[in-house]
Each structure stands twice: as structure tokens, then as C-alpha cells.
file model_8.cif (mmCIF, C-alpha atoms and all ligand atoms)
data_work
#
loop_
_atom_site.label_atom_id
_atom_site.label_comp_id
_atom_site.auth_asym_id
_atom_site.auth_seq_id
_atom_site.Cartn_x
_atom_site.Cartn_y
_atom_site.Cartn_z
CA MET R 1085 6.12 2.67 12.88
CA SER R 1086 6.35 3.00 9.12
CA ARG R 1087 7.33 6.63 8.70
CA LYS R 1088 10.93 5.60 8.04
CA SER R 1089 12.59 2.41 6.86
CA ILE R 1090 13.05 -0.25 9.51
CA GLY R 1091 16.49 -1.17 10.81
CA LEU R 1092 18.45 1.78 9.43
CA GLU R 1093 20.34 3.94 11.89
CA GLU R 1094 19.31 7.59 11.73
CA ARG R 1095 22.46 8.90 10.06
CA LEU R 1096 22.30 6.35 7.27
CA TYR R 1097 18.56 6.87 6.86
CA GLN R 1098 19.07 10.60 6.46
CA TYR R 1099 21.81 9.91 3.93
CA LEU R 1100 19.46 7.64 1.96
CA LEU R 1101 16.82 10.38 1.87
CA GLY R 1102 19.36 13.05 0.92
CA ALA R 1103 20.88 10.90 -1.79
CA SER R 1104 17.70 9.66 -3.45
CA LEU R 1105 14.41 11.20 -2.32
CA ARG R 1106 12.57 13.14 -4.99
CA GLU R 1107 9.41 14.03 -3.13
CA PRO R 1108 7.32 16.57 -5.09
CA PRO R 1109 5.79 19.52 -3.16
CA SER R 1110 2.28 18.01 -3.38
CA LEU R 1111 3.42 14.92 -1.47
CA ALA R 1112 5.57 16.90 0.95
CA LYS R 1113 2.59 19.10 1.89
CA LEU R 1114 0.39 16.08 2.57
CA ARG R 1115 3.14 14.45 4.64
CA GLU R 1116 3.56 17.62 6.71
CA GLU R 1117 -0.16 17.84 7.38
CA THR R 1118 -0.37 14.16 8.31
CA ALA R 1119 2.64 14.41 10.65
CA ALA R 1120 0.45 16.31 13.13
CA HIS R 1121 -2.22 13.60 13.00
CA PRO R 1122 -2.53 11.27 16.03
CA HIS R 1123 -2.27 8.25 13.69
CA ALA R 1124 0.60 9.67 11.63
CA GLY R 1125 2.45 6.33 11.93
CA MET R 1126 -0.11 4.84 9.54
CA GLN R 1127 1.40 6.81 6.68
CA ILE R 1128 4.03 5.12 4.55
CA SER R 1129 7.54 6.56 4.46
CA PRO R 1130 8.51 8.86 1.58
CA GLU R 1131 11.21 6.53 0.25
CA GLN R 1132 8.65 3.70 0.19
CA ALA R 1133 6.22 5.89 -1.74
CA GLN R 1134 8.96 6.65 -4.27
CA PHE R 1135 9.74 2.92 -4.54
CA MET R 1136 6.07 2.19 -5.18
CA GLN R 1137 5.95 4.88 -7.85
CA LEU R 1138 8.83 3.09 -9.54
CA LEU R 1139 6.94 -0.22 -9.29
CA VAL R 1140 3.81 1.34 -10.81
CA LYS R 1141 5.90 2.57 -13.74
CA LEU R 1142 7.87 -0.69 -14.09
CA THR R 1143 4.66 -2.71 -14.32
CA GLY R 1144 3.24 -0.22 -16.81
CA ALA R 1145 0.21 -0.02 -14.54
CA ARG R 1146 -2.92 1.79 -15.72
CA ARG R 1147 -5.36 0.33 -13.19
CA VAL R 1148 -4.47 0.25 -9.51
CA VAL R 1149 -6.41 -0.82 -6.41
CA GLU R 1150 -5.56 0.43 -2.95
CA VAL R 1151 -7.01 -1.07 0.24
CA GLY R 1152 -6.53 1.40 3.10
CA VAL R 1153 -6.24 5.06 2.13
CA PHE R 1154 -5.83 6.93 5.45
CA THR R 1155 -4.94 10.55 4.47
CA GLY R 1156 -4.06 9.55 0.93
CA TYR R 1157 -0.27 9.80 0.75
CA SER R 1158 0.27 6.44 -0.95
CA SER R 1159 -2.75 7.00 -3.23
CA LEU R 1160 -1.37 10.37 -4.28
CA ALA R 1161 2.07 8.90 -4.92
CA MET R 1162 0.65 6.11 -7.08
CA ALA R 1163 -1.76 8.43 -8.91
CA LEU R 1164 1.14 10.73 -9.78
CA ALA R 1165 2.99 7.75 -11.27
CA LEU R 1166 0.04 6.69 -13.44
CA PRO R 1167 -0.47 7.84 -17.04
CA ASP R 1168 -3.15 10.49 -17.68
CA ASP R 1169 -5.80 7.85 -18.38
CA GLY R 1170 -4.79 5.79 -15.33
CA HIS R 1171 -7.33 4.81 -12.70
CA LEU R 1172 -6.90 4.14 -8.99
CA LEU R 1173 -9.68 2.46 -7.04
CA ALA R 1174 -9.17 3.61 -3.44
CA CYS R 1175 -10.96 1.63 -0.72
CA ASP R 1176 -11.44 2.93 2.81
CA VAL R 1177 -14.10 3.28 5.50
CA SER R 1178 -13.14 6.63 7.04
CA GLU R 1179 -14.89 9.74 5.81
CA GLU R 1180 -12.79 11.82 8.22
CA TYR R 1181 -9.33 10.70 7.07
CA THR R 1182 -10.16 10.55 3.38
CA ALA R 1183 -11.50 14.13 3.47
CA ILE R 1184 -7.87 15.17 3.96
CA ALA R 1185 -6.88 12.85 1.10
CA ARG R 1186 -9.46 14.29 -1.30
CA ARG R 1187 -8.30 17.84 -0.67
CA HIS R 1188 -4.68 16.96 -1.50
CA TRP R 1189 -5.58 14.85 -4.54
CA ALA R 1190 -7.50 17.80 -5.96
CA ALA R 1191 -4.68 20.24 -5.20
CA ALA R 1192 -2.22 17.95 -6.99
CA GLY R 1193 -4.49 17.73 -10.06
CA VAL R 1194 -4.99 13.96 -9.94
CA ALA R 1195 -8.47 13.72 -8.38
CA SER R 1196 -9.91 12.55 -11.71
CA ARG R 1197 -7.64 9.49 -11.62
CA ILE R 1198 -8.84 8.37 -8.19
CA GLU R 1199 -12.16 6.69 -7.42
CA LEU R 1200 -12.70 6.61 -3.66
CA VAL R 1201 -15.20 4.07 -2.36
CA LEU R 1202 -16.17 4.37 1.30
CA ALA R 1203 -17.28 0.88 2.30
CA PRO R 1204 -15.67 -2.23 3.77
CA ALA R 1205 -13.03 -3.18 1.18
CA ARG R 1206 -14.13 -6.82 1.14
CA GLU R 1207 -17.52 -5.69 -0.20
CA THR R 1208 -16.00 -3.29 -2.72
CA LEU R 1209 -13.60 -5.92 -4.09
CA GLU R 1210 -16.36 -8.57 -4.24
CA ALA R 1211 -18.56 -6.13 -6.14
CA ARG R 1212 -15.79 -5.48 -8.67
CA ILE R 1213 -15.26 -9.21 -9.18
CA ALA R 1214 -19.02 -9.66 -9.63
CA ALA R 1215 -19.00 -6.77 -12.13
CA GLY R 1216 -16.56 -8.70 -14.32
CA GLU R 1217 -13.37 -6.87 -13.39
CA ALA R 1218 -11.34 -10.00 -12.56
CA GLY R 1219 -7.98 -9.77 -14.35
CA HIS R 1220 -8.43 -6.05 -15.07
CA TYR R 1221 -5.96 -4.55 -12.61
CA ASP R 1222 -2.19 -4.22 -12.90
CA PHE R 1223 -1.13 -3.23 -9.40
CA ALA R 1224 -2.57 -3.42 -5.89
CA PHE R 1225 -1.51 -2.08 -2.51
CA ILE R 1226 -2.77 -3.46 0.81
CA ASP R 1227 -2.33 -1.24 3.88
CA ALA R 1228 -5.39 -1.69 6.09
CA ASP R 1229 -6.58 -3.76 9.08
CA LYS R 1230 -4.04 -6.54 9.47
CA THR R 1231 -6.55 -9.26 10.32
CA GLY R 1232 -8.21 -8.59 6.97
CA TYR R 1233 -5.05 -8.96 4.87
CA HIS R 1234 -5.73 -12.55 3.80
CA ASP R 1235 -9.24 -11.74 2.56
CA TYR R 1236 -8.03 -8.67 0.66
CA TYR R 1237 -5.14 -10.57 -0.86
CA GLU R 1238 -7.32 -13.41 -2.16
CA ARG R 1239 -9.76 -10.99 -3.79
CA LEU R 1240 -7.01 -8.81 -5.23
CA LEU R 1241 -5.29 -11.84 -6.71
CA ARG R 1242 -8.47 -12.44 -8.72
CA LEU R 1243 -8.72 -8.79 -9.76
CA LEU R 1244 -5.08 -8.70 -10.97
CA ARG R 1245 -4.03 -9.64 -14.45
CA PRO R 1246 -1.39 -12.37 -14.81
CA GLY R 1247 1.96 -10.63 -14.22
CA GLY R 1248 0.28 -8.00 -12.02
CA LEU R 1249 1.81 -7.07 -8.70
CA ILE R 1250 0.41 -6.87 -5.16
CA ALA R 1251 2.38 -4.82 -2.61
CA VAL R 1252 1.54 -5.49 1.04
CA ASP R 1253 2.53 -3.05 3.77
CA ASN R 1254 3.76 -3.62 7.35
CA THR R 1255 4.81 -7.24 6.87
CA LEU R 1256 7.75 -6.79 9.29
CA TRP R 1257 5.45 -5.02 11.81
CA ASP R 1258 8.20 -3.15 13.63
CA GLY R 1259 9.94 -6.48 14.29
CA ALA R 1260 7.06 -7.98 16.26
CA VAL R 1261 6.53 -10.81 13.75
CA ALA R 1262 9.97 -12.18 14.71
CA ASP R 1263 9.35 -11.97 18.47
CA PRO R 1264 7.74 -15.14 19.91
CA ALA R 1265 6.54 -13.11 22.93
CA GLU R 1266 4.46 -10.83 20.69
CA ASN R 1267 1.07 -12.36 20.05
CA SER R 1268 -1.38 -9.52 19.55
CA PRO R 1269 -4.12 -10.32 17.01
CA ASP R 1270 -2.45 -8.06 14.42
CA THR R 1271 0.97 -9.65 14.93
CA VAL R 1272 -0.45 -13.18 14.70
CA ALA R 1273 -2.41 -12.24 11.57
CA LEU R 1274 0.68 -10.81 9.87
CA ARG R 1275 2.82 -13.80 10.86
CA GLU R 1276 0.23 -16.19 9.40
CA PHE R 1277 -0.17 -14.02 6.31
CA ASN R 1278 3.60 -14.04 5.71
CA ALA R 1279 3.76 -17.83 6.18
CA ARG R 1280 0.86 -18.37 3.79
CA LEU R 1281 2.45 -16.24 1.08
CA HIS R 1282 5.75 -18.04 1.51
CA ARG R 1283 3.98 -21.24 0.42
CA ASP R 1284 1.78 -19.63 -2.23
CA GLU R 1285 2.83 -21.05 -5.59
CA ARG R 1286 0.49 -18.72 -7.45
CA VAL R 1287 2.91 -15.82 -6.97
CA ASP R 1288 6.57 -14.82 -7.24
CA LEU R 1289 7.58 -13.33 -3.90
CA SER R 1290 9.93 -10.89 -2.20
CA LEU R 1291 9.70 -9.32 1.27
CA VAL R 1292 11.52 -6.01 0.91
CA PRO R 1293 12.78 -4.38 4.15
CA ILE R 1294 11.73 -0.87 3.18
CA GLY R 1295 9.39 1.13 5.40
CA ASP R 1296 7.87 -1.38 7.83
CA GLY R 1297 8.37 -4.29 5.43
CA LEU R 1298 6.79 -4.36 1.97
CA THR R 1299 5.94 -7.76 0.53
CA LEU R 1300 5.77 -7.95 -3.25
CA ALA R 1301 3.77 -10.76 -4.81
CA ARG R 1302 3.60 -11.07 -8.60
CA LYS R 1303 0.72 -13.10 -9.97
CA ARG R 1304 2.24 -15.86 -12.05
CA PRO R 1305 0.89 -16.19 -15.59
CA CA R 1401 1.01 0.86 6.81
#

call {"tool": "encode", "arguments": {"input": "model_8.cif", "output": "C-alpha cells"}}
result
Amino acid sequence: MSRKSIGLEERLYQYLLGASLREPPSLAKLREETAAHPHAGMQISPEQAQFMQLLVKLTGARRVVEVGVFTGYSSLAMALALPDDGHLLACDVSEEYTAIARRHWAAAGVASRIELVLAPARETLEARIAAGEAGHYDFAFIDADKTGYHDYYERLLRLLRPGGLIAVDNTLWDGAVADPAENSPDTVALREFNARLHRDERVDLSLVPIGDGLTLARKRP
């Protein structure tokens, strides 16, 4: 549901890609391999990855946290946008999916920028807070189990520096969040998450209709 931007008719979507996509071969190869995967819809769209690369550069990010790696397309995109001494903490629980990610990170020459931790992300983020890393990160991306979004967000807000940015994926959830008849646990969790952020005075906010909806929350100084 997030392999292309929501709400764009196919012809216009193809135009958008043709007129602006600059996907390097390393990302294109990973996208092709993931397209054959049964959960290929979990991968972000290429124009969203390019947008996130722009955000990483705009924020001058050196330290990034990602919650939810899957086959590593978004991690690879962000790692490519980081400076040579940049660091990406990648949190996931799947050995199987991240094995694909690791192979492509190495092939692209950015494996040294990425620290993959295979454990529940809540535990990883708590451990980093306990280790004194609160305020150390510039950019965060959440794209994992939807019922966990609130917990990840609260921990990431502590790990971010003032002025740092959290990007949250799937916040339009293929339109289900706007449909009162849709009440799956994931849909309800995303609807509540969106409502909570709308009221959250700790951040500046924008819900961008790219991919499957990408919410941007900037930690206010
Ligand atoms: Ca996603």
C-alpha cells in the first residue's frame, strides 16, 4: 500500500517519477529484489525515499534512528544521504528480512554507517536513553508495527535534539483512517496516534500525503 504515493492517478504518478526521481542503482536493485517479496508493500515508495533523503540533508543530520527496517530500502536511502561520519541506528526484529538489507548496504558501501540492532525497538530505544543518548539524534523514522507507534514516538522524542525531526510512515493507511467502518487494531492505533500528534504542543507538525502518508514532527526547542 505504500509502494506509490496515495491518491495520484497512474499517469500523473508516472509523470512525477519521470520528472523528478533520481534513484541510484544501489536503491533500484534493492527495490527490484524486494518487489518479489510477499510483503513488498511494506517498502516505502522511491519518491518518498528521495524526499526523506532531502529531509536528512536539510536537517544536517549526522545521527539517525530507524524503527522498522524490513529489507532496508529506507535505511539505505537515509545512509546514502548522511555524511561519511554519519550513523544510522536501525532497529528491527527480523533476521530474515534484514539479511537482505545487510547485503545491499554492503554492496552500496554504506554498511559502516549503519548499526543494526535485532531486538524489540522499545528495548533498544530505552537502552539508548539509559546510556545517556537523549538529545543526541537529529532525525528519526518510524515504520514498524502500528500499535507500537506511540511508544516509539515518545522514546524517539527524548532521543532527538531540539529541532530534530521525526518522520512517521503510513499515517494515511491507504485511506482507512478516514473510514468510520474501518476499525482494525492497526487502523484504530494510527487514528489515535494521528489525533494525539495533532494536539502535541511539543512538536511542529505536518502530515504530508506522499507514499502512504508521512507525518513530520519537529521537536520544538
Ligand atoms: Ca510503511

call {"tool": "residues_near_ligand", "arguments": {"input": "model_8.cif", "ligand": "ligand CA 1401 (chain R)", "cutoff": "12 Å", "atoms": "all atoms listed in the file", "output": "number ranges by chain"}}
result
R: 1085-1089, 1123-1129, 1132-1133, 1150-1158, 1225-1230, 1233, 1251-1258, 1294-1299

call {"tool": "write_last_selection", "arguments": {"input": "model_8.cif", "atoms": "C-alpha atoms", "output": "compact mmCIF listing (two decimals), in the coordinates of the input"}}
result
# COMPACT_ATOMS: atom_id res chain seq x y z
CA MET R 1085 6.12 2.67 12.88
CA SER R 1086 6.35 3.00 9.12
CA ARG R 1087 7.33 6.63 8.70
CA LYS R 1088 10.93 5.60 8.04
CA SER R 1089 12.59 2.41 6.86
CA HIS R 1123 -2.27 8.25 13.69
CA ALA R 1124 0.60 9.67 11.63
CA GLY R 1125 2.45 6.33 11.93
CA MET R 1126 -0.11 4.84 9.54
CA GLN R 1127 1.40 6.81 6.68
CA ILE R 1128 4.03 5.12 4.55
CA SER R 1129 7.54 6.56 4.46
CA GLN R 1132 8.65 3.70 0.19
CA ALA R 1133 6.22 5.89 -1.74
CA GLU R 1150 -5.56 0.43 -2.95
CA VAL R 1151 -7.01 -1.07 0.24
CA GLY R 1152 -6.53 1.40 3.10
CA VAL R 1153 -6.24 5.06 2.13
CA PHE R 1154 -5.83 6.93 5.45
CA THR R 1155 -4.94 10.55 4.47
CA GLY R 1156 -4.06 9.55 0.93
CA TYR R 1157 -0.27 9.80 0.75
CA SER R 1158 0.27 6.44 -0.95
CA PHE R 1225 -1.51 -2.08 -2.51
CA ILE R 1226 -2.77 -3.46 0.81
CA ASP R 1227 -2.33 -1.24 3.88
CA ALA R 1228 -5.39 -1.69 6.09
CA ASP R 1229 -6.58 -3.76 9.08
CA LYS R 1230 -4.04 -6.54 9.47
CA TYR R 1233 -5.05 -8.96 4.87
CA ALA R 1251 2.38 -4.82 -2.61
CA VAL R 1252 1.54 -5.49 1.04
CA ASP R 1253 2.53 -3.05 3.77
CA ASN R 1254 3.76 -3.62 7.35
CA THR R 1255 4.81 -7.24 6.87
CA LEU R 1256 7.75 -6.79 9.29
CA TRP R 1257 5.45 -5.02 11.81
CA ASP R 1258 8.20 -3.15 13.63
CA ILE R 1294 11.73 -0.87 3.18
CA GLY R 1295 9.39 1.13 5.40
CA ASP R 1296 7.87 -1.38 7.83
CA GLY R 1297 8.37 -4.29 5.43
CA LEU R 1298 6.79 -4.36 1.97
CA THR R 1299 5.94 -7.76 0.53

call {"tool": "atom_distance", "arguments": {"input": "model_8.cif", "atom1": "CA of Pro1293 in chain R", "atom2": "CA of Ala1260 in chain R"}}
result
13.9 Å

call {"tool": "residues_around", "arguments": {"input": "model_8.cif", "residues": "Arg1286 in chain R", "least_positions_apart": "3", "cutoff": "10 Å", "atoms": "only C-alpha atoms", "output": "ChimeraX atom specification"}}
result
/R:1241,1246,1281,1283,1289,1301-1305

call {"tool": "write_last_selection", "arguments": {"input": "model_8.cif", "atoms": "C-alpha atoms", "output": "PDB file, in the coordinates of the input"}}
result
ATOM      1  CA  LEU R1241      -5.290 -11.840  -6.710  1.00  0.00           C
ATOM      2  CA  PRO R1246      -1.390 -12.370 -14.810  1.00  0.00           C
ATOM      3  CA  LEU R1281       2.450 -16.240   1.080  1.00  0.00           C
ATOM      4  CA  ARG R1283       3.980 -21.240   0.420  1.00  0.00           C
ATOM      5  CA  LEU R1289       7.580 -13.330  -3.900  1.00  0.00           C
ATOM      6  CA  ALA R1301       3.770 -10.760  -4.810  1.00  0.00           C
ATOM      7  CA  ARG R1302       3.600 -11.070  -8.600  1.00  0.00           C
ATOM      8  CA  LYS R1303       0.720 -13.100  -9.970  1.00  0.00           C
ATOM      9  CA  ARG R1304       2.240 -15.860 -12.050  1.00  0.00           C
ATOM     10  CA  PRO R1305       0.890 -16.190 -15.590  1.00  0.00           C
TER      11      PRO R1305
END

call {"tool": "closest_residue", "arguments": {"input": "model_8.cif", "among": "R:Gln1134, R:Thr1208, R:Thr1143, R:Thr1231", "to": "Arg1245 in chain R", "atoms": "only C-alpha atoms"}}
result
R:Thr1143

call {"tool": "residues_around", "arguments": {"input": "model_8.cif", "residues": "range 1189-1197 of chain R", "least_positions_apart": "6", "cutoff": "8 Å", "atoms": "only C-alpha atoms", "output": "ChimeraX atom specification"}}
result
/R:1110,1156,1160,1163-1164,1168-1172

call {"tool": "atom_distance", "arguments": {"input": "model_8.cif", "atom1": "CA of Asp1176 in chain R", "atom2": "CA of Leu1202 in chain R"}}
result
5.2 Å

call {"tool": "residues_near_point", "arguments": {"input": "model_8.cif", "point": "(-4.3, -15.6, 6.2)", "cutoff": "7 Å", "atoms": "only C-alpha atoms", "output": "short mmCIF file (atom, residue, chain, number, x, y, z; two decimals) with C-alpha atoms, in the frame of the given file"}}
result
data_model
loop_
_atom_site.label_atom_id
_atom_site.label_comp_id
_atom_site.auth_asym_id
_atom_site.auth_seq_id
_atom_site.Cartn_x
_atom_site.Cartn_y
_atom_site.Cartn_z
CA TYR R 1233 -5.05 -8.96 4.87
CA HIS R 1234 -5.73 -12.55 3.80
CA ALA R 1273 -2.41 -12.24 11.57
CA GLU R 1276 0.23 -16.19 9.40
CA PHE R 1277 -0.17 -14.02 6.31
CA ARG R 1280 0.86 -18.37 3.79
#

call {"tool": "atom_distance", "arguments": {"input": "model_8.cif", "atom1": "CA of Val1140 in chain R", "atom2": "CA of Ala1165 in chain R"}}
result
6.5 Å

call {"tool": "closest_residue", "arguments": {"input": "model_8.cif", "among": "R:Leu1166, R:Ala1205, R:Ser1290, R:Ile1213", "to": "Val1148 in chain R", "atoms": "all atoms listed in the file"}}
result
R:Leu1166

call {"tool": "residues_around", "arguments": {"input": "model_8.cif", "residues": "range 1100-1107 of chain R", "least_positions_apart": "4", "cutoff": "8 Å", "atoms": "all atoms listed in the file", "output": "list in words"}}
result
Leu1096, Leu1111, Ala1112, Pro1130, Glu1131 and Gln1134 of chain R

call {"tool": "closest_residue", "arguments": {"input": "model_8.cif", "among": "R:Ala1183, R:Leu1244, R:Phe1223, R:Tyr1099", "to": "Leu1138 in chain R", "atoms": "all atoms listed in the file"}}
result
R:Phe1223

call {"tool": "closest_residue", "arguments": {"input": "model_8.cif", "among": "R:Gly1248, R:Pro1167, R:Pro1204, R:Pro1122", "to": "Tyr1181 in chain R", "atoms": "all atoms listed in the file"}}
result
R:Pro1122

call {"tool": "build_atoms", "arguments": {"input": "model_8.cif", "residues": "range 1184-1195 of chain R", "atoms": "all heavy atoms", "output": "short mmCIF file (atom, residue, chain, number, x, y, z; two decimals), in the coordinates of the input"}}
result
data_model
loop_
_atom_site.label_atom_id
_atom_site.label_comp_id
_atom_site.auth_asym_id
_atom_site.auth_seq_id
_atom_site.Cartn_x
_atom_site.Cartn_y
_atom_site.Cartn_z
N ILE R 1184 -9.21 14.56 4.11
CA ILE R 1184 -7.87 15.17 3.96
C ILE R 1184 -7.27 14.72 2.63
O ILE R 1184 -6.73 15.51 1.86
CB ILE R 1184 -6.95 14.75 5.13
CG1 ILE R 1184 -7.56 15.22 6.46
CG2 ILE R 1184 -5.53 15.28 4.94
CD1 ILE R 1184 -6.88 14.63 7.70
N ALA R 1185 -7.41 13.42 2.35
CA ALA R 1185 -6.88 12.85 1.10
C ALA R 1185 -7.47 13.57 -0.12
O ALA R 1185 -6.74 14.02 -1.00
CB ALA R 1185 -7.19 11.35 1.03
N ARG R 1186 -8.78 13.68 -0.15
CA ARG R 1186 -9.46 14.29 -1.30
C ARG R 1186 -8.95 15.70 -1.59
O ARG R 1186 -8.76 16.08 -2.74
CB ARG R 1186 -10.96 14.41 -1.01
CG ARG R 1186 -11.76 13.15 -1.17
CD ARG R 1186 -13.21 13.53 -0.90
NE ARG R 1186 -14.04 12.44 -0.45
CZ ARG R 1186 -14.83 11.74 -1.26
NH1 ARG R 1186 -14.83 11.97 -2.55
NH2 ARG R 1186 -15.58 10.78 -0.77
N ARG R 1187 -8.76 16.46 -0.52
CA ARG R 1187 -8.30 17.84 -0.67
C ARG R 1187 -6.92 17.87 -1.35
O ARG R 1187 -6.68 18.66 -2.26
CB ARG R 1187 -8.26 18.48 0.72
CG ARG R 1187 -7.88 19.92 0.78
CD ARG R 1187 -8.41 20.61 2.05
NE ARG R 1187 -8.27 19.84 3.28
CZ ARG R 1187 -7.15 19.70 3.99
NH1 ARG R 1187 -6.03 20.26 3.55
NH2 ARG R 1187 -7.13 18.99 5.10
N HIS R 1188 -6.04 16.97 -0.93
CA HIS R 1188 -4.68 16.96 -1.50
C HIS R 1188 -4.65 16.36 -2.91
O HIS R 1188 -3.85 16.79 -3.74
CB HIS R 1188 -3.73 16.21 -0.56
CG HIS R 1188 -3.37 17.02 0.66
ND1 HIS R 1188 -2.27 17.85 0.70
CD2 HIS R 1188 -3.97 17.15 1.87
CE1 HIS R 1188 -2.20 18.44 1.89
NE2 HIS R 1188 -3.23 18.03 2.61
N TRP R 1189 -5.51 15.40 -3.18
CA TRP R 1189 -5.58 14.85 -4.54
C TRP R 1189 -6.01 15.93 -5.51
O TRP R 1189 -5.47 16.05 -6.61
CB TRP R 1189 -6.58 13.68 -4.62
CG TRP R 1189 -6.24 12.49 -3.78
CD1 TRP R 1189 -5.01 12.17 -3.25
CD2 TRP R 1189 -7.15 11.47 -3.35
NE1 TRP R 1189 -5.11 11.01 -2.52
CE2 TRP R 1189 -6.40 10.56 -2.57
CE3 TRP R 1189 -8.50 11.22 -3.55
CZ2 TRP R 1189 -6.97 9.42 -1.98
CZ3 TRP R 1189 -9.07 10.09 -2.98
CH2 TRP R 1189 -8.31 9.20 -2.21
N ALA R 1190 -7.00 16.72 -5.10
CA ALA R 1190 -7.50 17.80 -5.96
C ALA R 1190 -6.41 18.85 -6.18
O ALA R 1190 -6.18 19.28 -7.31
CB ALA R 1190 -8.74 18.43 -5.33
N ALA R 1191 -5.71 19.22 -5.10
CA ALA R 1191 -4.68 20.24 -5.20
C ALA R 1191 -3.55 19.79 -6.13
O ALA R 1191 -2.93 20.61 -6.82
CB ALA R 1191 -4.13 20.58 -3.82
N ALA R 1192 -3.30 18.48 -6.15
CA ALA R 1192 -2.22 17.95 -6.99
C ALA R 1192 -2.67 17.71 -8.43
O ALA R 1192 -1.87 17.32 -9.28
CB ALA R 1192 -1.68 16.65 -6.38
N GLY R 1193 -3.97 17.89 -8.69
CA GLY R 1193 -4.49 17.73 -10.06
C GLY R 1193 -4.70 16.30 -10.50
O GLY R 1193 -4.78 16.03 -11.70
N VAL R 1194 -4.80 15.36 -9.55
CA VAL R 1194 -4.99 13.96 -9.94
C VAL R 1194 -6.31 13.37 -9.43
O VAL R 1194 -6.53 12.16 -9.52
CB VAL R 1194 -3.81 13.06 -9.45
CG1 VAL R 1194 -2.51 13.46 -10.12
CG2 VAL R 1194 -3.69 13.09 -7.94
N ALA R 1195 -7.20 14.23 -8.94
CA ALA R 1195 -8.47 13.72 -8.38
C ALA R 1195 -9.26 12.90 -9.40
O ALA R 1195 -9.93 11.93 -9.04
CB ALA R 1195 -9.31 14.89 -7.88
#
